[in-house]
Amino acid sequence: MTNALHARGPVPDHPSQAHPVLVGCSHGTDDVVGRAAVRSILTGAAAARPELDVREAFVDVQQPEVANVVADALDGDAAGAVVVPLLLSGGFHVKVDIAAAVDQPGATAASPLGPDPRLVDILVDRLRAVELAPGDLVVLAAAGSTDPAAALAVEQVAAGLADRIPQPVTIGYGAGAEPRVPAAVAAARADLPPGGRVVVASYLLAPGYFHDRVLEAGADVVTEPLAPDDRLVEIVLDRYDAAT
């Protein structure tokens with residue numbers, strides 16, 4: 001029987017019964033393109049590891065909720081459940097929603113996707129795609145969180161990006177932390193050399209609400225979000241393996 005990504009319930013006679021279910025948990029979005037981009041990570045994981053039962057879950061906007069998916073997995077014959085946060089840093093959803101969902105025997109949570117050097121690699125490729133020039137200034141745009149650990153994770157990625165490109169890198173947040181993306185873009189523009197551009201590197205997983213706000217923030221260029229990309233699949237599987 002071929003492996004198929006599904007949202008609810010065990011697949012009968014699925015070979016993954018000997019392995020914990022991989023529950024990929026994202027924030028959720030109303031954006032159709034964003035949903036497809038996030039789902040591509042899990043379909044990629046299911047294709048790369050056909051022995052695994054890969055399921056999709058959410059903490060907001062979309063269904064099914066992560067707690068329900070974990071419960072369904074534990075009610076079946078699988079050897080537990082591992083929730084991999086499809087989130088770029090820790091924060092409320094990781095420390096509260098996902099933590100509550102796995103607070104039972106047989107369930108555990110993996111680390112979020114970031115920080116990770118492969119995320120920096122993707123950002124570098126996205127900047128190359130918009131032909132980043134020597135006179136450009138870069139703003140790394142992240143969703144943001146009130147959790148200091150989440151901000152630290154973003155700062156680590158920004159530092160990694162700054163090591164890879166000649167341009168300075170500043171940070172802007174969509175919510176939860178300062179400066180916000182429009183303010184960071186305005187500050188970069190004030191320092192812009194003649195002929196340069198303000199380029200926002202979108203440190204967001206997929207199109208959706210926050211990416212739309214980044215597009216409205218006044219930059220000259222905004223890169224595409226991180227997904228889809230095969231390196232995200234690699235990170236998810238590494239997080240799963242580390243948790244098991």
# chains A, B, ... in the order shown; residues from 1 in each chain; ligands from 1
>>> closest_atom_pairs(of="stretch 95-131 of chain A", to="stretch 193-205 of chain A", cutoff="12 Å", atoms="only C-alpha atoms", output="tab-separated table")
residue	atom	partner	partner_atom	distance
A:Pro112	CA	A:Leu205	CA	11.9
A:Leu113	CA	A:Leu205	CA	9.8
A:Gly114	CA	A:Tyr203	CA	10.3
A:Pro115	CA	A:Tyr203	CA	11.0
A:Leu119	CA	A:Tyr203	CA	8.6
A:Val120	CA	A:Tyr203	CA	9.3
A:Asp121	CA	A:Tyr203	CA	11.7
A:Ile122	CA	A:Tyr203	CA	9.6
A:Leu123	CA	A:Ala201	CA	6.7
A:Val124	CA	A:Ala201	CA	8.7
A:Asp125	CA	A:Ala201	CA	10.3
A:Arg126	CA	A:Ala201	CA	7.5
A:Leu127	CA	A:Ala201	CA	6.8
A:Arg128	CA	A:Ala201	CA	10.6
A:Ala129	CA	A:Ala201	CA	11.0
A:Val130	CA	A:Val199	CA	8.7
A:Glu131	CA	A:Val199	CA	10.0
>>> write_last_selection(atoms="all heavy atoms", output="CSV table (one decimal), in the first residue's frame")
chain,number,residue,atom,x,y,z
A,112,PRO,N,11.2,23.2,16.6
A,112,PRO,CA,10.7,23.9,15.4
A,112,PRO,C,11.7,23.9,14.3
A,112,PRO,O,12.9,23.5,14.5
A,112,PRO,CB,10.4,25.4,15.9
A,112,PRO,CG,11.2,25.5,17.2
A,112,PRO,CD,11.3,24.1,17.8
A,113,LEU,N,11.4,24.4,13.2
A,113,LEU,CA,12.3,24.4,12.0
A,113,LEU,C,13.5,25.3,12.1
A,113,LEU,O,14.6,25.0,11.6
A,113,LEU,CB,11.5,24.7,10.7
A,113,LEU,CG,10.3,23.9,10.4
A,113,LEU,CD1,9.7,24.3,9.1
A,113,LEU,CD2,10.6,22.4,10.4
A,114,GLY,N,13.4,26.4,12.8
A,114,GLY,CA,14.5,27.3,13.0
A,114,GLY,C,15.0,27.5,14.4
A,114,GLY,O,14.2,27.1,15.3
A,115,PRO,N,16.2,28.0,14.5
A,115,PRO,CA,17.1,28.3,13.5
A,115,PRO,C,17.8,27.1,12.9
A,115,PRO,O,17.9,26.1,13.6
A,115,PRO,CB,18.1,29.2,14.2
A,115,PRO,CG,18.1,28.7,15.6
A,115,PRO,CD,16.7,28.3,15.9
A,119,LEU,N,17.9,27.0,6.4
A,119,LEU,CA,17.0,28.1,6.2
A,119,LEU,C,17.8,29.3,5.7
A,119,LEU,O,17.3,30.1,4.8
A,119,LEU,CB,16.3,28.5,7.5
A,119,LEU,CG,15.4,27.4,8.1
A,119,LEU,CD1,14.9,27.8,9.5
A,119,LEU,CD2,14.3,27.0,7.2
A,120,VAL,N,19.0,29.5,6.2
A,120,VAL,CA,19.8,30.6,5.6
A,120,VAL,C,20.2,30.3,4.2
A,120,VAL,O,20.1,31.2,3.3
A,120,VAL,CB,21.1,30.7,6.5
A,120,VAL,CG1,22.0,31.8,5.8
A,120,VAL,CG2,20.8,31.1,7.9
A,121,ASP,N,20.4,29.1,3.8
A,121,ASP,CA,20.7,28.7,2.4
A,121,ASP,C,19.5,29.1,1.5
A,121,ASP,O,19.7,29.6,0.4
A,121,ASP,CB,21.0,27.2,2.3
A,121,ASP,CG,22.3,26.8,3.0
A,121,ASP,OD1,23.1,27.6,3.2
A,121,ASP,OD2,22.4,25.6,3.3
A,122,ILE,N,18.3,28.8,2.0
A,122,ILE,CA,17.1,29.1,1.2
A,122,ILE,C,17.0,30.6,1.1
A,122,ILE,O,16.7,31.1,0.0
A,122,ILE,CB,15.8,28.5,1.9
A,122,ILE,CG1,15.9,27.0,1.9
A,122,ILE,CG2,14.6,29.0,1.1
A,122,ILE,CD1,14.8,26.4,2.7
A,123,LEU,N,17.2,31.4,2.1
A,123,LEU,CA,17.2,32.8,2.1
A,123,LEU,C,18.2,33.4,1.1
A,123,LEU,O,17.9,34.3,0.3
A,123,LEU,CB,17.4,33.4,3.4
A,123,LEU,CG,16.3,33.3,4.5
A,123,LEU,CD1,16.8,33.6,5.9
A,123,LEU,CD2,15.1,34.1,4.1
A,124,VAL,N,19.4,32.8,1.1
A,124,VAL,CA,20.4,33.3,0.1
A,124,VAL,C,19.9,33.0,-1.3
A,124,VAL,O,20.1,33.9,-2.2
A,124,VAL,CB,21.7,32.6,0.4
A,124,VAL,CG1,22.7,32.9,-0.7
A,124,VAL,CG2,22.3,33.1,1.7
A,125,ASP,N,19.3,31.9,-1.6
A,125,ASP,CA,18.8,31.6,-2.9
A,125,ASP,C,17.7,32.5,-3.3
A,125,ASP,O,17.6,32.9,-4.5
A,125,ASP,CB,18.4,30.1,-3.0
A,125,ASP,CG,19.5,29.1,-3.0
A,125,ASP,OD1,20.7,29.5,-3.2
A,125,ASP,OD2,19.2,27.9,-2.8
A,126,ARG,N,16.8,32.8,-2.3
A,126,ARG,CA,15.7,33.7,-2.7
A,126,ARG,C,16.3,35.1,-3.0
A,126,ARG,O,15.7,35.8,-3.9
A,126,ARG,CB,14.8,33.8,-1.5
A,126,ARG,CG,14.1,32.5,-1.1
A,126,ARG,CD,13.1,32.1,-2.2
A,126,ARG,NE,12.4,30.9,-1.7
A,126,ARG,CZ,12.8,29.6,-2.0
A,126,ARG,NH1,13.9,29.4,-2.7
A,126,ARG,NH2,12.1,28.6,-1.6
A,127,LEU,N,17.3,35.6,-2.3
A,127,LEU,CA,17.9,36.9,-2.6
A,127,LEU,C,18.6,36.8,-4.0
A,127,LEU,O,18.6,37.8,-4.7
A,127,LEU,CB,18.9,37.3,-1.5
A,127,LEU,CG,18.2,37.7,-0.2
A,127,LEU,CD1,19.3,37.8,0.9
A,127,LEU,CD2,17.5,39.0,-0.3
A,128,ARG,N,19.3,35.8,-4.3
A,128,ARG,CA,19.9,35.6,-5.6
A,128,ARG,C,18.8,35.7,-6.7
A,128,ARG,O,19.1,36.3,-7.8
A,128,ARG,CB,20.6,34.3,-5.7
A,128,ARG,CG,21.9,34.3,-4.9
A,128,ARG,CD,22.6,32.9,-5.0
A,128,ARG,NE,23.8,32.9,-4.2
A,128,ARG,CZ,24.4,31.8,-3.8
A,128,ARG,NH1,23.8,30.6,-4.0
A,128,ARG,NH2,25.6,31.9,-3.2
A,129,ALA,N,17.6,35.2,-6.4
A,129,ALA,CA,16.6,35.2,-7.4
A,129,ALA,C,16.1,36.6,-7.8
A,129,ALA,O,15.6,36.8,-8.9
A,129,ALA,CB,15.4,34.3,-6.9
A,130,VAL,N,16.2,37.5,-6.8
A,130,VAL,CA,15.8,38.9,-7.1
A,130,VAL,C,17.1,39.8,-7.4
A,130,VAL,O,17.0,41.0,-7.5
A,130,VAL,CB,15.1,39.5,-5.9
A,130,VAL,CG1,13.8,38.7,-5.6
A,130,VAL,CG2,15.9,39.6,-4.6
A,131,GLU,N,18.2,39.1,-7.7
A,131,GLU,CA,19.4,39.8,-8.2
A,131,GLU,C,19.9,40.8,-7.2
A,131,GLU,O,20.0,42.0,-7.6
A,131,GLU,CB,19.2,40.3,-9.6
A,131,GLU,CG,18.9,39.3,-10.6
A,131,GLU,CD,18.7,39.8,-12.0
A,131,GLU,OE1,18.5,41.1,-12.1
A,131,GLU,OE2,18.6,39.0,-13.0
>>> residues_around(residues="A:Pro134", least_positions_apart="2", cutoff="7 Å", atoms="only C-alpha atoms", output="number ranges by chain")
A: 132, 136, 167
>>> closest_residue(among="A:Val66, A:Val139, A:Arg39, A:Gln104", to="A:Val221", atoms="only C-alpha atoms")
A:Val139
>>> closest_atom_pairs(of="stretch 176-241 of chain A", to="stretch 48-61 of chain A", cutoff="10 Å", atoms="only C-alpha atoms", output="JSON lines")
{"residue": "A:Val233", "atom": "CA", "partner": "A:Ala48", "partner_atom": "CA", "distance": 8.4}
{"residue": "A:Glu234", "atom": "CA", "partner": "A:Ala48", "partner_atom": "CA", "distance": 9.0}
{"residue": "A:Leu237", "atom": "CA", "partner": "A:Arg49", "partner_atom": "CA", "distance": 8.5}
>>> atom_distance(atom1="atom CA of A:Asp31", atom2="atom CA of A:Gly208")
5.2 Å
>>> select_by_dssp(residues="stretch 64-172 of chain A", states="strand (DSSP E)", output="ChimeraX atom specification")
/A:81-85,107-109,137-142,169-172
>>> write_last_selection(atoms="all heavy atoms", output="mmCIF file, in the first residue's frame")
data_model
loop_
_atom_site.group_PDB
_atom_site.id
_atom_site.type_symbol
_atom_site.label_atom_id
_atom_site.label_comp_id
_atom_site.auth_asym_id
_atom_site.auth_seq_id
_atom_site.Cartn_x
_atom_site.Cartn_y
_atom_site.Cartn_z
ATOM 1 N N ALA A 81 3.325 9.303 18.653
ATOM 2 C CA ALA A 81 3.175 10.428 17.731
ATOM 3 C C ALA A 81 4.240 11.463 18.040
ATOM 4 O O ALA A 81 4.514 11.757 19.206
ATOM 5 C CB ALA A 81 1.781 11.044 17.851
ATOM 6 N N VAL A 82 4.839 11.999 17.004
ATOM 7 C CA VAL A 82 5.813 13.079 17.125
ATOM 8 C C VAL A 82 5.274 14.284 16.365
ATOM 9 O O VAL A 82 5.062 14.209 15.149
ATOM 10 C CB VAL A 82 7.191 12.686 16.567
ATOM 11 C CG1 VAL A 82 8.140 13.884 16.599
ATOM 12 C CG2 VAL A 82 7.782 11.524 17.358
ATOM 13 N N VAL A 83 5.045 15.374 17.073
ATOM 14 C CA VAL A 83 4.590 16.599 16.436
ATOM 15 C C VAL A 83 5.809 17.425 16.035
ATOM 16 O O VAL A 83 6.623 17.800 16.887
ATOM 17 C CB VAL A 83 3.687 17.431 17.369
ATOM 18 C CG1 VAL A 83 3.287 18.741 16.680
ATOM 19 C CG2 VAL A 83 2.450 16.637 17.752
ATOM 20 N N VAL A 84 5.954 17.678 14.749
ATOM 21 C CA VAL A 84 7.016 18.536 14.248
ATOM 22 C C VAL A 84 6.401 19.903 13.943
ATOM 23 O O VAL A 84 5.584 20.020 13.032
ATOM 24 C CB VAL A 84 7.677 17.964 12.987
ATOM 25 C CG1 VAL A 84 8.785 18.900 12.495
ATOM 26 C CG2 VAL A 84 8.238 16.574 13.256
ATOM 27 N N PRO A 85 6.754 20.933 14.706
ATOM 28 C CA PRO A 85 6.185 22.258 14.432
ATOM 29 C C PRO A 85 6.682 22.795 13.087
ATOM 30 O O PRO A 85 7.892 22.944 12.887
ATOM 31 C CB PRO A 85 6.708 23.115 15.591
ATOM 32 C CG PRO A 85 7.130 22.145 16.656
ATOM 33 C CD PRO A 85 7.614 20.943 15.908
ATOM 34 N N ALA A 107 3.306 10.561 23.174
ATOM 35 C CA ALA A 107 3.400 11.724 22.291
ATOM 36 C C ALA A 107 4.571 12.602 22.710
ATOM 37 O O ALA A 107 4.883 12.718 23.897
ATOM 38 C CB ALA A 107 2.106 12.537 22.326
ATOM 39 N N THR A 108 5.185 13.210 21.745
ATOM 40 C CA THR A 108 6.276 14.141 22.028
ATOM 41 C C THR A 108 6.321 15.197 20.935
ATOM 42 O O THR A 108 5.755 15.013 19.855
ATOM 43 C CB THR A 108 7.629 13.408 22.106
ATOM 44 O OG1 THR A 108 8.633 14.299 22.584
ATOM 45 C CG2 THR A 108 8.059 12.893 20.737
ATOM 46 N N ALA A 109 6.991 16.292 21.229
ATOM 47 C CA ALA A 109 7.138 17.375 20.258
ATOM 48 C C ALA A 109 8.593 17.507 19.863
ATOM 49 O O ALA A 109 9.496 17.448 20.702
ATOM 50 C CB ALA A 109 6.630 18.699 20.831
ATOM 51 N N LEU A 137 20.091 47.204 0.478
ATOM 52 C CA LEU A 137 20.062 46.920 1.907
ATOM 53 C C LEU A 137 18.967 45.882 2.166
ATOM 54 O O LEU A 137 17.903 45.933 1.548
ATOM 55 C CB LEU A 137 19.799 48.190 2.720
ATOM 56 C CG LEU A 137 20.894 49.265 2.656
ATOM 57 C CD1 LEU A 137 20.510 50.464 3.507
ATOM 58 C CD2 LEU A 137 22.240 48.708 3.096
ATOM 59 N N VAL A 138 19.242 44.964 3.094
ATOM 60 C CA VAL A 138 18.366 43.814 3.312
ATOM 61 C C VAL A 138 17.685 43.904 4.667
ATOM 62 O O VAL A 138 18.340 44.132 5.692
ATOM 63 C CB VAL A 138 19.166 42.498 3.207
ATOM 64 C CG1 VAL A 138 18.276 41.290 3.528
ATOM 65 C CG2 VAL A 138 19.763 42.344 1.810
ATOM 66 N N VAL A 139 16.379 43.698 4.655
ATOM 67 C CA VAL A 139 15.594 43.572 5.883
ATOM 68 C C VAL A 139 15.049 42.154 5.933
ATOM 69 O O VAL A 139 14.376 41.704 5.002
ATOM 70 C CB VAL A 139 14.427 44.579 5.921
ATOM 71 C CG1 VAL A 139 13.556 44.343 7.154
ATOM 72 C CG2 VAL A 139 14.941 46.007 5.896
ATOM 73 N N LEU A 140 15.374 41.447 7.000
ATOM 74 C CA LEU A 140 14.818 40.111 7.207
ATOM 75 C C LEU A 140 13.464 40.263 7.892
ATOM 76 O O LEU A 140 13.382 40.759 9.018
ATOM 77 C CB LEU A 140 15.761 39.269 8.070
ATOM 78 C CG LEU A 140 15.344 37.817 8.305
ATOM 79 C CD1 LEU A 140 15.469 37.004 7.029
ATOM 80 C CD2 LEU A 140 16.178 37.184 9.422
ATOM 81 N N ALA A 141 12.402 39.834 7.226
ATOM 82 C CA ALA A 141 11.042 39.998 7.752
ATOM 83 C C ALA A 141 10.559 38.694 8.368
ATOM 84 O O ALA A 141 10.420 37.680 7.671
ATOM 85 C CB ALA A 141 10.091 40.436 6.649
ATOM 86 N N ALA A 142 10.304 38.710 9.673
ATOM 87 C CA ALA A 142 9.826 37.537 10.399
ATOM 88 C C ALA A 142 8.434 37.813 10.963
ATOM 89 O O ALA A 142 8.043 38.974 11.144
ATOM 90 C CB ALA A 142 10.786 37.185 11.527
ATOM 91 N N VAL A 169 22.294 43.299 7.276
ATOM 92 C CA VAL A 169 20.960 42.723 7.434
ATOM 93 C C VAL A 169 20.344 43.260 8.715
ATOM 94 O O VAL A 169 20.922 43.139 9.799
ATOM 95 C CB VAL A 169 21.016 41.185 7.497
ATOM 96 C CG1 VAL A 169 19.618 40.603 7.732
ATOM 97 C CG2 VAL A 169 21.619 40.615 6.219
ATOM 98 N N THR A 170 19.180 43.865 8.598
ATOM 99 C CA THR A 170 18.407 44.262 9.772
ATOM 100 C C THR A 170 17.149 43.410 9.828
ATOM 101 O O THR A 170 16.845 42.660 8.902
ATOM 102 C CB THR A 170 18.042 45.755 9.720
ATOM 103 O OG1 THR A 170 17.332 46.027 8.493
ATOM 104 C CG2 THR A 170 19.290 46.630 9.766
ATOM 105 N N ILE A 171 16.414 43.506 10.930
ATOM 106 C CA ILE A 171 15.240 42.653 11.150
ATOM 107 C C ILE A 171 13.997 43.510 11.310
ATOM 108 O O ILE A 171 14.031 44.571 11.941
ATOM 109 C CB ILE A 171 15.424 41.785 12.408
ATOM 110 C CG1 ILE A 171 16.672 40.908 12.289
ATOM 111 C CG2 ILE A 171 14.194 40.900 12.650
ATOM 112 C CD1 ILE A 171 17.007 40.153 13.567
ATOM 113 N N GLY A 172 12.901 43.040 10.748
ATOM 114 C CA GLY A 172 11.587 43.624 10.981
ATOM 115 C C GLY A 172 10.601 42.514 11.306
ATOM 116 O O GLY A 172 10.719 41.404 10.779
#
>>> atom_distance(atom1="atom CA of A:Ala177", atom2="atom CA of A:Leu152")
11.2 Å
>>> closest_residue(among="A:Ala143, A:Ala78, A:Ile98, A:Ala133", to="A:Cys25", atoms="only C-alpha atoms")
A:Ile98
